[in-house]
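**Student:** First, the structure itself, so that you have it in front of you.
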Protein chains: 4
Amino acid sequence: MGLGIGLIGSGYMGKCHAMAWNSVATVFGDVERPRLVALADATEELASRHAKAFAFDRGTGNWRDLVADPDIDVISIAAPNQFHAEMAIAALEAGKHVWCEKPMATSLEDATRMRDAAQASGKTAILGYNYIQNPMMRQASRLIAEGEIGTVNHIRLEMDEDYMADPDEAFYWKSAATSGYGALDDFAVHPLSLLTVLHGRITSVVADMAKPYEDRPAAGGGRRAVENHDISQALFRTENGASGVLMVNRSAWGRKGRIAVQIFGSEGSILFDQERMNELQVFTRKDRSDTQGYRTLLAAPAHPPYQQFIPAPGHGLGFNELKVIECRELLRLIDGDKAAHVIDFDTGLEIERIVHATAQSAERRSWVEL
Amino acid sequence: MGLGIGLIGSGYMGKCHAMAWNSVATVFGDVERPRLVALADATEELASRHAKAFAFDRGTGNWRDLVADPDIDVISIAAPNQFHAEMAIAALEAGKHVWCEKPMATSLEDATRMRDAAQASGKTAILGYNYIQNPMMRQASRLIAEGEIGTVNHIRLEMDEDYMADPDEAFYWKSAATSGYGALDDFAVHPLSLLTVLHGRITSVVADMAKPYEDRPAAGGGRRAVENHDISQALFRTENGASGVLMVNRSAWGRKGRIAVQIFGSEGSILFDQERMNELQVFTRKDRSDTQGYRTLLAAPAHPPYQQFIPAPGHGLGFNELKVIECRELLRLIDGDKAAHVIDFDTGLEIERIVHATAQSAERRSWVEL
Amino acid sequence: MGLGIGLIGSGYMGKCHAMAWNSVATVFGDVERPRLVALADATEELASRHAKAFAFDRGTGNWRDLVADPDIDVISIAAPNQFHAEMAIAALEAGKHVWCEKPMATSLEDATRMRDAAQASGKTAILGYNYIQNPMMRQASRLIAEGEIGTVNHIRLEMDEDYMADPDEAFYWKSAATSGYGALDDFAVHPLSLLTVLHGRITSVVADMAKPYEDRPAAGGGRRAVENHDISQALFRTENGASGVLMVNRSAWGRKGRIAVQIFGSEGSILFDQERMNELQVFTRKDRSDTQGYRTLLAAPAHPPYQQFIPAPGHGLGFNELKVIECRELLRLIDGDKAAHVIDFDTGLEIERIVHATAQSAERRSWVEL
Amino acid sequence: MGLGIGLIGSGYMGKCHAMAWNSVATVFGDVERPRLVALADATEELASRHAKAFAFDRGTGNWRDLVADPDIDVISIAAPNQFHAEMAIAALEAGKHVWCEKPMATSLEDATRMRDAAQASGKTAILGYNYIQNPMMRQASRLIAEGEIGTVNHIRLEMDEDYMADPDEAFYWKSAATSGYGALDDFAVHPLSLLTVLHGRITSVVADMAKPYEDRPAAGGGRRAVENHDISQALFRTENGASGVLMVNRSAWGRKGRIAVQIFGSEGSILFDQERMNELQVFTRKDRSDTQGYRTLLAAPAHPPYQQFIPAPGHGLGFNELKVIECRELLRLIDGDKAAHVIDFDTGLEIERIVHATAQSAERRSWVEL
């Protein structure tokens with residue numbers, strides 16, 4: 001009988017988890033079908049309605065019911081960021097495995113406590129960094145590991161969307177200091193997760209954070225000062241000797257889901273953009289001078305686990321399917337396979353440290369060593 | 001309680017149907033969760049294994065068990081093409097709704113009998129033309145209907161893959177005359193389904209079919225003549241006064257899942273390529289001369305039903321999710337909603353007629369009127 | 001001392017010739033600088049003004065002055081198409097070399113007389129098919145000749161612009177029957193010139209020609225019926241066993257200078273689009289399955305004669321520079337180098353034959369053998 | 001009678017100047033044809049050969065001959081960077097106008113002396129920042145000035161090539177400290193010139209410079225330490241309140257002539273890449289949600305002075321033609337038109353200051369105010 005699953009939160013990412021739990025066994029065919037035991041949300045009504053919609057056996061307005069339920073083995077946490085620490089720690093202490101959405105927590109202290117709780121529990125605890133699951137990203141990792149582009153010496157990472165780009169939109173919680181640094185928390189963790197699996201750790205950073213709009217219309221009339229930064233950029237060095245740049249912007253008109261990666265090495269280079277998530281561009285100097293150029297690889301069965309979804313090349317995976325892959329990797333790790341391709345709480349904490357060091361650098365206007 | 005589902009076939013498209021039946025309620029949230037009653041395949045063993053993997057209650061080596069099962073309301077047919085007619089007719093006569101993969105049948109006679117059976121049954125019978133479900137194709141339809149590109153006067157359709165491109169690959173059933181005309185059956189129905197929903201009917205056609213390789217290595221040594229055509233192209237005229245070109249090639253090295261559509265009208269034009277299925281390019285002459293150009297639309301919540309999958313723009317749907325949309329449309333039609341966006345057996349038969357007329361034109365080397 | 005040059009016509013292509021004659025020695029460095037002797041145009045005033053602007057020694061309102069001038073060795077013909085035959089024949093009979101803009105003539109008879117005059121004269125006579133001079137097209141030829149894509153078996157050619165796309169534009173001479181078939185004369189010769197150098201001759205064709213707009217506003221009020229076809233398409237077979245499609249449209253909103261070429265072979269494929277004239281896409285099956293994909297080659301010194309213009313790769317040639325290359329090839333041919341890469345009047349006549357056969361096919365609605 | 005021209009240097013950029021001087025009158029038609037008086041190079045032989053090839057009346061091994069020649073009005077300086085200051089100052093003091101290639105000089109002191117000499121002379125003195133002449137860049141400027149993308153708040157600039165990317169290439173002068181900072185001098189001035197015309201001045205900067213290869217094979221055997229930096233990146237703020245990032249890399253495998261510009265504003269954004277120099281991408285939030293997307297503008301007569309080169313849209317200008325436009329702007333400025341679109345020595349000096357401040361920031365590892 002498959003693992004019992006509890007899901008906390010049923011919004012954007014909650015639904016994404018639900019779809020993954022629903023699909024993972026059908027797609028992969030080699031895992032026990034999980035039992036969708038219970039879904040928790042802010043109210044009984046909401047929880048019950050979504051439990052039904054997402055095929056969970058029951059809903060509850062109290063997430064602690066899930067933690068207490070002996071029939072539940074894994075808890076998916078897709079609640080607002082400020083609750084991640086409390087929920088994850090409670091779940092781990094109750095002996096549950098945890099699959100927590102990013103970012104890990106809203107403070108470094110909380111993230112550290114989460115990591116400690118995971119270590120103490122001996123349970124599996126991972127974070128929802130789904131972009132690392134893209135078969136094209138895994139292909140990039142494989143090519144780098146095989147030496148296809150030689151020694152990596154330079155990296156550029158961009159993540160941009162435009163949901164905060166409208167200057168006429170009223171001030172809401174996203175612009176409040178309590179929600180964090182701004183684009184840095186919201187976005188930077190994603191390219192940093194890619195950096196982690198593709199290359200290695202950041203060892204020093206100098207950053208800048210900027211406000212495209214100093215204030216916004218206030219709900220009650222007048223204007224209210226924006227308290228965090230929609231734009232952030234940083235120069236960095238890595239443990240493996242590369243230099244790089246990290247750029248994030250949530251007010252970038254025209255960008256919808258851009259995560260652009262440029263990786264340069266001594267023998268070639270690799271380019272990726274999440275807006276064309278089924279493509280990878282690879283340049284190698286081995287090609288002769290008159291026929292060299294970036295090759296555009298299209299996602300295909302040759303790029304596992306694409307073949308679990310579609311046996312034909314070039315047909316295209318979607319964003320949601322990355323979560324299904326992540327779910328499969330979680331199950332693999334729970335099953336004891338240390339080779340599972342995930343960001344666990346240890347690595348997640350390192351990502352958080354980089355985020356905080358970056359913010360610190362911007363505040364101090366100086367380089368920060370990690 | 002949701003509809004009872006039977007699935008015949010569990011290969012490429014069978015799994016795709018299974019994933020759709022598994023996901024449709026979770027994604028859309030407004031339909032009863034289907035009950036996955038039984039799966040039939042060539043053997044009991046295969047059927048039982050896949051039933052388990054795909055969350056069906058039971059498996060059977062005899063597809064007629066599904067037709068006879070009173071607990072089943074809808075039968076998904078994803079068996080080899082030559083069985084479509086027999087299965088669909090049996091299912092319809094038994095009072096089941098039918099969701100049959102394309103192409104409809106291997107002969108026009110069979111396709112006609114299927115259409116007749118559907119009409120006689122009063123049941124819902126649709127075909128698996130999933131590309132019409134792409135939110136970007138539906139956006140294209142909407143723009144054309146709104147007059148954004150004026151009166152459509154010219155259309156170019158291409159569908160190309162390279163799975164038959166290797167001249168060293170041995171002769172197998174795909175190259176036998178018994179499997180049909182070749183690329184024309186395999187591919188042309190897809191762009192024709194798009195033409196049907198975007199524009200209208202073809203009224204005359206002149207075609208050519210070609211063999212890139214005259215023979216192939218035979219299984220038992222020596223070489224065997226290829227009996228059908230990997231390449232086909234046709235000029236056509238439509239009931240709405242447009243001229244057009246249809247090109248299909250299953251030996252097109254480098255093409256993996258290309259379905260390229262170019263639609264020109266008196267006020268603008270629209271471009272699409274399935275290899276970048278989350279994009280649509282739109283040109284309108286209304287833009288002033290120095291700022292006009294193709295706009296690249298990225299799939300977004302503004303393009304229903306994308307928002308049912310992802311609330312954020314630009315994140316990307318996948319091929320499999322088109323089947324989930326198709327499944328939802330099927331349920332809508334079963335529910336009596338005539339506005340459901342599907343290719344039913346009536347329209348499917350028209351597509352088959354075009355395919356056969358096209359082949360006839362190539363054989364006769366002359367224009368054929370429809 | 002360099003060759004003496006006479007130029008007839010100083011509009012779009014006349015100026016393009018003038019720029020080429022001005023630049024060819026500077027760019028290539030290995031030819032005698034041509035002497036720009038005289039420019040003829042419709043009036044003395046126009047001719048004198050443009051002679052000065054384009055650095056010709058003198059202008060004349062009578063093109064026959066150029067033919068009679070013993071100081072002139074080469075005559076560039078960039079006058080309206082209906083005068084090509086008369087001018088070219090006069091020039092050849094006077095012992096001049098001729099560089100005549102495309103299309104060759106407005107009737108097959110005229111084109112034949114031009115070819116005969118060229119043969120009789122023993123002089124060099126070429127046509128202005130500048131797109132074949134693009135270093136990326138020459139790279140494509142080289143790759144095909146080297147067997148990079150194996151035996152070519154399928155070709156698709158498109159040429160589209162939108163200068164006739166506006167239905168509200170008044171009827172002018174381009175829509176009159178006297179100006180020829182329409183898009184077929186205007187455009188088809190360009191992709192056909194590419195086909196000639198990349199692959200070989202067309203041996204049979206079936207075509208269709210269409211009018212996006214039946215009539216247009218007439219100059220004097222009311223509406224006037226359009227007399228030729230803005231859209232044309234044809235299926236064809238070649239002497240080398242390939243099938244293909246030729247599509248041209250001068251009413252294609254959004255297309256500005258598109259000449260799209262797709263060439264498929266047994267080992268790979270090549271793609272090109274003149275709107276990105278410094279790029280060539282090449283796919284070869286030799287790459288392993290997980291890293292194969294179209295390579296985007298950027299024009300570079302490795303693609304002669306790019307290096308004569310710019311010593312650095314990826315900086316970009318322009319449309320006008322193709323004419324400079326063509327000019328250099330003309331000089332090479334005059335100099336007796338039979339390997340010069342040009343379309344002479346013999347080959348030009350073949351292209352004209354294909355155009356007329358295509359029109360004939362459309363009129364007869366049947367295949368035509370060449 | 002046109003201005004008398006002297007050209008110093010006949011390599012890559014010398015030839016580019018020569019082509020521009022040869023073409024400018026023919027292309028624009030509204031300027032006196034310049035008289036190509038003399039060309040100077042390292043030796044008499046080289047100078048004479050190139051004078052002949054480039055249509056200059058005479059060659060000389062002594063550049064001071066040009067400065068002394070009363071028949072020369074304008075001196076083009078395309079000699080190695082270390083000679084720019086001496087040559088430009090001598091020319092200006094002799095009453096010549098000066099057109100000097102970038103970078104201005106190899107030290108800030110020299111650049112300052114050049115600026116002073118220009119001011120004292122009252123002559124026209126400009127720098128060869130040809131990328132600002134691209135009609136698409138001028139279109140970008142126009143759109144920004146018109147408010148199409150609102151208030152600019154974020155800018156990303158990249159310039160990358162791969163001519164230093166091969167780790168096996170022997171040490172040569174480009175890697176010596178005497179040749180400057182590395183990529184920063186070589187490249188950064190180009191995107192900075194674009195920033196100057198598109199937006200405004202940089203007021204503060206923090207930078208990093210990196211070596212992809214610590215050493216290279218030495219000519220005489222063994223290895224030699226690389227003395228400057230092939231990679232450089234900087235965060236910056238501008239006088240107009242924008243934040244930005246500048247990235248340059250001359251060891252970026254696969255990049256051939258990339259100059260990527262991303263400009264974000266409160267109402268839209270603009271993208272450009274010199275590798276596709278005839279395209280500009282524009283996003284405006286004014287488009288409705290379901291049809292918004294980046295529009296790809298193709299260079300056209302609507303983007304002056306494109307129409308001086310080609311009367312038809314989408315046909316493509318080349319890199320060399322930017323120099324012809326620059327030449328026309330120089331002539332306009334000499335003629336007293338203060339609206340000429342150029343980088344003069346005043347603005348050029350500001351660009352140099354930014355370069356040096358950037359290097360200083362990298363050395364000090366701290367922000368530097370300008």
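In the structure tokens, the first chain shown is A, the next is B, and so on; residue numbers restart at 1 for each chain, and ligands run from 1 in the order shown.
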Would you write out, as CSV, a table of all residues in chain D that have an atom no more than 9 Å from an atom of chain B, listing for each the closest atom pair and the distance in Å to one decimal, considering only C-alpha atoms and ordering rows by chain and rising residue number?
**Tutor:**
residue,atom,partner,partner_atom,distance
D:Gln139,CA,B:Asp290,CA,8.0
D:Leu143,CA,B:Thr291,CA,8.9
D:Gln281,CA,B:Gly293,CA,8.7
D:Val282,CA,B:Thr291,CA,8.0
D:Phe283,CA,B:Arg295,CA,8.6
D:Ser289,CA,B:Ala302,CA,6.3
D:Asp290,CA,B:Ala302,CA,5.0
D:Thr291,CA,B:Leu297,CA,6.2
D:Gln292,CA,B:Leu297,CA,6.0
D:Gly293,CA,B:Leu297,CA,4.7
D:Tyr294,CA,B:Arg295,CA,5.2
D:Arg295,CA,B:Arg295,CA,4.0
D:Thr296,CA,B:Gly293,CA,5.0
D:Leu297,CA,B:Gly293,CA,4.7
D:Leu298,CA,B:Gly293,CA,6.8
D:Ala299,CA,B:Asp290,CA,8.7
D:Ala300,CA,B:Asp290,CA,7.7
D:Pro301,CA,B:Asp290,CA,8.4
D:Ala302,CA,B:Asp290,CA,5.1
D:His303,CA,B:Asp290,CA,6.4
**Student:** Write a file of the just-selected residues containing N, CA and C atoms, as a PDB file, in the first residue's frame.
**Tutor:**
ATOM      1  N   GLN D 139      15.851  53.793 -33.353  1.00  0.00           N
ATOM      2  CA  GLN D 139      14.421  53.563 -33.116  1.00  0.00           C
ATOM      3  C   GLN D 139      14.173  53.355 -31.616  1.00  0.00           C
ATOM      4  N   LEU D 143      11.728  55.619 -29.342  1.00  0.00           N
ATOM      5  CA  LEU D 143      10.625  55.063 -28.556  1.00  0.00           C
ATOM      6  C   LEU D 143      10.753  55.464 -27.089  1.00  0.00           C
ATOM      7  N   GLN D 281      13.132  44.249 -30.259  1.00  0.00           N
ATOM      8  CA  GLN D 281      11.934  43.706 -29.625  1.00  0.00           C
ATOM      9  C   GLN D 281      11.368  44.724 -28.647  1.00  0.00           C
ATOM     10  N   VAL D 282      10.065  44.950 -28.760  1.00  0.00           N
ATOM     11  CA  VAL D 282       9.412  45.978 -27.959  1.00  0.00           C
ATOM     12  C   VAL D 282       8.175  45.387 -27.294  1.00  0.00           C
ATOM     13  N   PHE D 283       8.073  45.607 -26.007  1.00  0.00           N
ATOM     14  CA  PHE D 283       6.877  45.190 -25.268  1.00  0.00           C
ATOM     15  C   PHE D 283       6.241  46.426 -24.645  1.00  0.00           C
ATOM     16  N   SER D 289      -4.368  42.053 -22.396  1.00  0.00           N
ATOM     17  CA  SER D 289      -3.678  40.934 -21.749  1.00  0.00           C
ATOM     18  C   SER D 289      -3.552  39.691 -22.621  1.00  0.00           C
ATOM     19  N   ASP D 290      -4.520  39.429 -23.480  1.00  0.00           N
ATOM     20  CA  ASP D 290      -4.430  38.180 -24.251  1.00  0.00           C
ATOM     21  C   ASP D 290      -3.658  38.332 -25.560  1.00  0.00           C
ATOM     22  N   THR D 291      -3.273  39.553 -25.914  1.00  0.00           N
ATOM     23  CA  THR D 291      -2.508  39.717 -27.158  1.00  0.00           C
ATOM     24  C   THR D 291      -1.188  40.430 -26.923  1.00  0.00           C
ATOM     25  N   GLN D 292      -0.812  40.622 -25.688  1.00  0.00           N
ATOM     26  CA  GLN D 292       0.461  41.283 -25.441  1.00  0.00           C
ATOM     27  C   GLN D 292       1.617  40.314 -25.640  1.00  0.00           C
ATOM     28  N   GLY D 293       2.766  40.868 -25.925  1.00  0.00           N
ATOM     29  CA  GLY D 293       3.951  40.055 -26.157  1.00  0.00           C
ATOM     30  C   GLY D 293       4.990  40.935 -26.830  1.00  0.00           C
ATOM     31  N   TYR D 294       6.220  40.476 -26.837  1.00  0.00           N
ATOM     32  CA  TYR D 294       7.254  41.253 -27.513  1.00  0.00           C
ATOM     33  C   TYR D 294       6.974  41.294 -29.004  1.00  0.00           C
ATOM     34  N   ARG D 295       6.999  42.487 -29.560  1.00  0.00           N
ATOM     35  CA  ARG D 295       6.920  42.640 -31.008  1.00  0.00           C
ATOM     36  C   ARG D 295       8.334  42.659 -31.570  1.00  0.00           C
ATOM     37  N   THR D 296       8.569  41.888 -32.607  1.00  0.00           N
ATOM     38  CA  THR D 296       9.871  41.883 -33.263  1.00  0.00           C
ATOM     39  C   THR D 296       9.814  42.819 -34.462  1.00  0.00           C
ATOM     40  N   LEU D 297      10.413  43.991 -34.306  1.00  0.00           N
ATOM     41  CA  LEU D 297      10.480  44.944 -35.412  1.00  0.00           C
ATOM     42  C   LEU D 297      11.639  44.548 -36.320  1.00  0.00           C
ATOM     43  N   LEU D 298      11.389  44.566 -37.611  1.00  0.00           N
ATOM     44  CA  LEU D 298      12.466  44.341 -38.575  1.00  0.00           C
ATOM     45  C   LEU D 298      12.870  45.684 -39.163  1.00  0.00           C
ATOM     46  N   ALA D 299      14.165  45.889 -39.303  1.00  0.00           N
ATOM     47  CA  ALA D 299      14.655  47.151 -39.854  1.00  0.00           C
ATOM     48  C   ALA D 299      13.959  47.454 -41.178  1.00  0.00           C
ATOM     49  N   ALA D 300      13.563  48.708 -41.339  1.00  0.00           N
ATOM     50  CA  ALA D 300      12.716  49.090 -42.468  1.00  0.00           C
ATOM     51  C   ALA D 300      12.923  50.565 -42.787  1.00  0.00           C
ATOM     52  N   PRO D 301      12.413  51.004 -43.935  1.00  0.00           N
ATOM     53  CA  PRO D 301      12.517  52.422 -44.268  1.00  0.00           C
ATOM     54  C   PRO D 301      11.899  53.333 -43.209  1.00  0.00           C
ATOM     55  N   ALA D 302      10.993  52.801 -42.403  1.00  0.00           N
ATOM     56  CA  ALA D 302      10.417  53.611 -41.329  1.00  0.00           C
ATOM     57  C   ALA D 302      11.425  53.904 -40.222  1.00  0.00           C
ATOM     58  N   HIS D 303      12.603  53.309 -40.324  1.00  0.00           N
ATOM     59  CA  HIS D 303      13.652  53.523 -39.317  1.00  0.00           C
ATOM     60  C   HIS D 303      14.848  54.213 -39.964  1.00  0.00           C
TER      61      HIS D 303
END
**Student:** Near stretch 87-103 of chain B, counting only C-alpha atoms, which residues have an atom at most 8 Å away, once you skip same-chain residues fewer than 3 positions from it, shown as a PyMOL selection string?
**Tutor:** chain B and resi 13+67-68+72-78+81+83-84+106+113-114+117-118+121+123-129+185-186+189+330+334+352
**Student:** Just write the chosen residues, N, CA and C atoms, as a compact mmCIF listing (two decimals), in the first residue's frame.
**Tutor:**
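Result file follows (part11.txt):
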# COMPACT_ATOMS: atom_id res chain seq x y z
N MET B 13 -0.61 6.47 -26.61
CA MET B 13 -1.81 7.28 -26.42
C MET B 13 -2.71 6.71 -25.34
N VAL B 67 -17.04 -3.32 -23.27
CA VAL B 67 -18.27 -2.96 -23.97
C VAL B 67 -19.49 -3.53 -23.24
N ALA B 68 -19.27 -4.71 -22.65
CA ALA B 68 -20.38 -5.39 -21.98
C ALA B 68 -20.60 -4.92 -20.55
N ILE B 72 -19.52 0.82 -17.07
CA ILE B 72 -18.71 1.71 -17.90
C ILE B 72 -19.60 2.59 -18.77
N ASP B 73 -19.32 3.90 -18.73
CA ASP B 73 -20.10 4.86 -19.51
C ASP B 73 -19.36 5.37 -20.74
N VAL B 74 -18.06 5.44 -20.62
CA VAL B 74 -17.25 6.01 -21.70
C VAL B 74 -16.12 5.05 -22.03
N ILE B 75 -15.88 4.84 -23.32
CA ILE B 75 -14.75 4.00 -23.70
C ILE B 75 -13.73 4.81 -24.48
N SER B 76 -12.53 4.82 -23.96
CA SER B 76 -11.39 5.43 -24.63
C SER B 76 -10.75 4.38 -25.53
N ILE B 77 -10.63 4.70 -26.81
CA ILE B 77 -10.02 3.73 -27.74
C ILE B 77 -8.65 4.23 -28.17
N ALA B 78 -7.63 3.52 -27.72
CA ALA B 78 -6.26 3.88 -28.06
C ALA B 78 -5.53 2.64 -28.57
N ASN B 81 -4.85 1.43 -35.15
CA ASN B 81 -5.85 2.06 -36.01
C ASN B 81 -6.82 1.08 -36.67
N PHE B 83 -8.27 -1.38 -35.59
CA PHE B 83 -9.35 -1.86 -34.73
C PHE B 83 -10.35 -0.77 -34.35
N HIS B 84 -10.04 0.47 -34.69
CA HIS B 84 -10.89 1.58 -34.26
C HIS B 84 -12.36 1.37 -34.63
N THR B 106 -8.95 3.05 -40.94
CA THR B 106 -8.00 2.86 -42.03
C THR B 106 -8.66 2.86 -43.41
N ARG B 113 -18.99 4.10 -41.50
CA ARG B 113 -19.77 3.24 -40.60
C ARG B 113 -19.68 3.74 -39.16
N MET B 114 -18.52 4.22 -38.77
CA MET B 114 -18.36 4.76 -37.41
C MET B 114 -19.26 5.98 -37.22
N ALA B 117 -22.80 4.84 -36.96
CA ALA B 117 -23.07 4.23 -35.65
C ALA B 117 -23.22 5.30 -34.59
N ALA B 118 -22.40 6.32 -34.67
CA ALA B 118 -22.49 7.42 -33.69
C ALA B 118 -23.84 8.10 -33.80
N SER B 121 -26.61 5.93 -32.47
CA SER B 121 -26.56 5.67 -31.03
C SER B 121 -27.08 6.84 -30.19
N LYS B 123 -25.19 8.74 -28.86
CA LYS B 123 -24.16 8.93 -27.85
C LYS B 123 -23.10 9.92 -28.34
N THR B 124 -22.27 10.34 -27.43
CA THR B 124 -21.19 11.26 -27.76
C THR B 124 -20.01 10.46 -28.31
N ALA B 125 -19.50 10.91 -29.45
CA ALA B 125 -18.36 10.20 -30.05
C ALA B 125 -17.40 11.24 -30.61
N ILE B 126 -16.21 11.28 -30.06
CA ILE B 126 -15.24 12.29 -30.51
C ILE B 126 -13.89 11.63 -30.82
N LEU B 127 -13.06 12.40 -31.50
CA LEU B 127 -11.74 11.90 -31.89
C LEU B 127 -10.64 12.66 -31.17
N GLY B 128 -9.50 12.01 -31.03
CA GLY B 128 -8.41 12.55 -30.21
C GLY B 128 -7.54 13.58 -30.92
N TYR B 129 -8.16 14.61 -31.45
CA TYR B 129 -7.37 15.66 -32.12
C TYR B 129 -6.94 16.70 -31.10
N ASP B 185 -1.73 9.69 -43.81
CA ASP B 185 -2.59 9.23 -42.71
C ASP B 185 -2.01 9.64 -41.37
N ASP B 186 -0.71 9.41 -41.25
CA ASP B 186 -0.06 9.60 -39.96
C ASP B 186 -0.19 11.04 -39.47
N VAL B 189 -3.89 14.48 -40.86
CA VAL B 189 -5.11 14.71 -40.10
C VAL B 189 -4.92 15.77 -39.01
N LEU B 330 -14.78 16.67 -23.77
CA LEU B 330 -15.61 15.47 -23.95
C LEU B 330 -16.68 15.40 -22.87
N ILE B 334 -20.68 15.37 -23.35
CA ILE B 334 -21.54 14.32 -22.77
C ILE B 334 -22.63 14.96 -21.91
N GLU B 352 -11.32 12.70 -42.86
CA GLU B 352 -10.92 11.46 -43.56
C GLU B 352 -11.16 11.60 -45.06
**Student:** Could you give me, as a list in words, the residues within 7 Å of stretch 29-36 of chain A, counting only C-alpha atoms and dropping anything in the same chain fewer than 4 positions from it?
**Tutor:** Met1, Gly2, Leu3, Gly4, Ile5, Gly6, Trp21, Ala25, Ala55, Phe56 and Asp57 of chain A; Ala53 of chain B
**Student:** Would you mind listing, for every residue of stretch 248-290 of chain B within 12 Å of stretch 317-326 of chain A, the two atoms forming the shortest contact and the distance between them in Å to one decimal, using only C-alpha atoms, sorted by chain and ascending residue number, as CSV?
**Tutor:**
residue,atom,partner,partner_atom,distance
B:Gln274,CA,A:Leu317,CA,12.0
B:Glu275,CA,A:Leu317,CA,10.7
B:Arg276,CA,A:Leu317,CA,10.8
B:Met277,CA,A:Leu317,CA,10.0
B:Asn278,CA,A:Gly318,CA,9.3
**Student:** Please determine, counting only C-alpha atoms, which residue among B:Gly11, B:Pro70, B:His315, B:Thr358 has the shortest atom-to-atom distance to A:Asp160.
**Tutor:**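 Nearest to A:Asp160: B:His315.
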**Student:** Which is closer to A:Gly182 than all the others in A:His50, A:Arg250, A:Lys286, A:Arg115, using only C-alpha atoms?
**Tutor:** A:Arg250
**Student:** From stretch 109-233 of chain D, collect each residue whose DSSP state is alpha helix (DSSP H) and return the set as a PyMOL selection string.
**Tutor:** chain D and resi 109-121+135-145+183+189-198
**Student:** Run DSSP on the backbone and grab whatever in stretch 127-336 of chain D lands in strand (DSSP E or B); send it over as a PyMOL selection string.
**Tutor:** chain D and resi 127+152-160+182+202-210+215-217+223-225+229+231-238+243-249+258-265+268-273+279-284+294-298
**Student:** Fewer than 4 positions away in the same chain doesn't count, so skip those; otherwise give me all residues within 9 Å of D:Ala312, counting only C-alpha atoms, as a ChimeraX atom specification.
**Tutor:** /C:12,163,256-257 /D:300-301,307
**Student:** What lies within 10 Å of D:Gly61 using only C-alpha atoms, ignoring chain neighbours under 2 positions off, as a list in words?
**Tutor:** Ile8, Leu39, Ala40, Asp41, Ala42, Thr43, Glu44, Glu45, Leu46, Ala47, Ser48, Gly59, Trp63, Arg64 and Asp65 of chain D
**Student:** To one decimal in Å, tell me the separation between atom CA of B:Ala38 and atom CA of B:Thr26.
**Tutor:**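 Result for atom CA of B:Ala38 versus atom CA of B:Thr26: 20.3 Å, one decimal.
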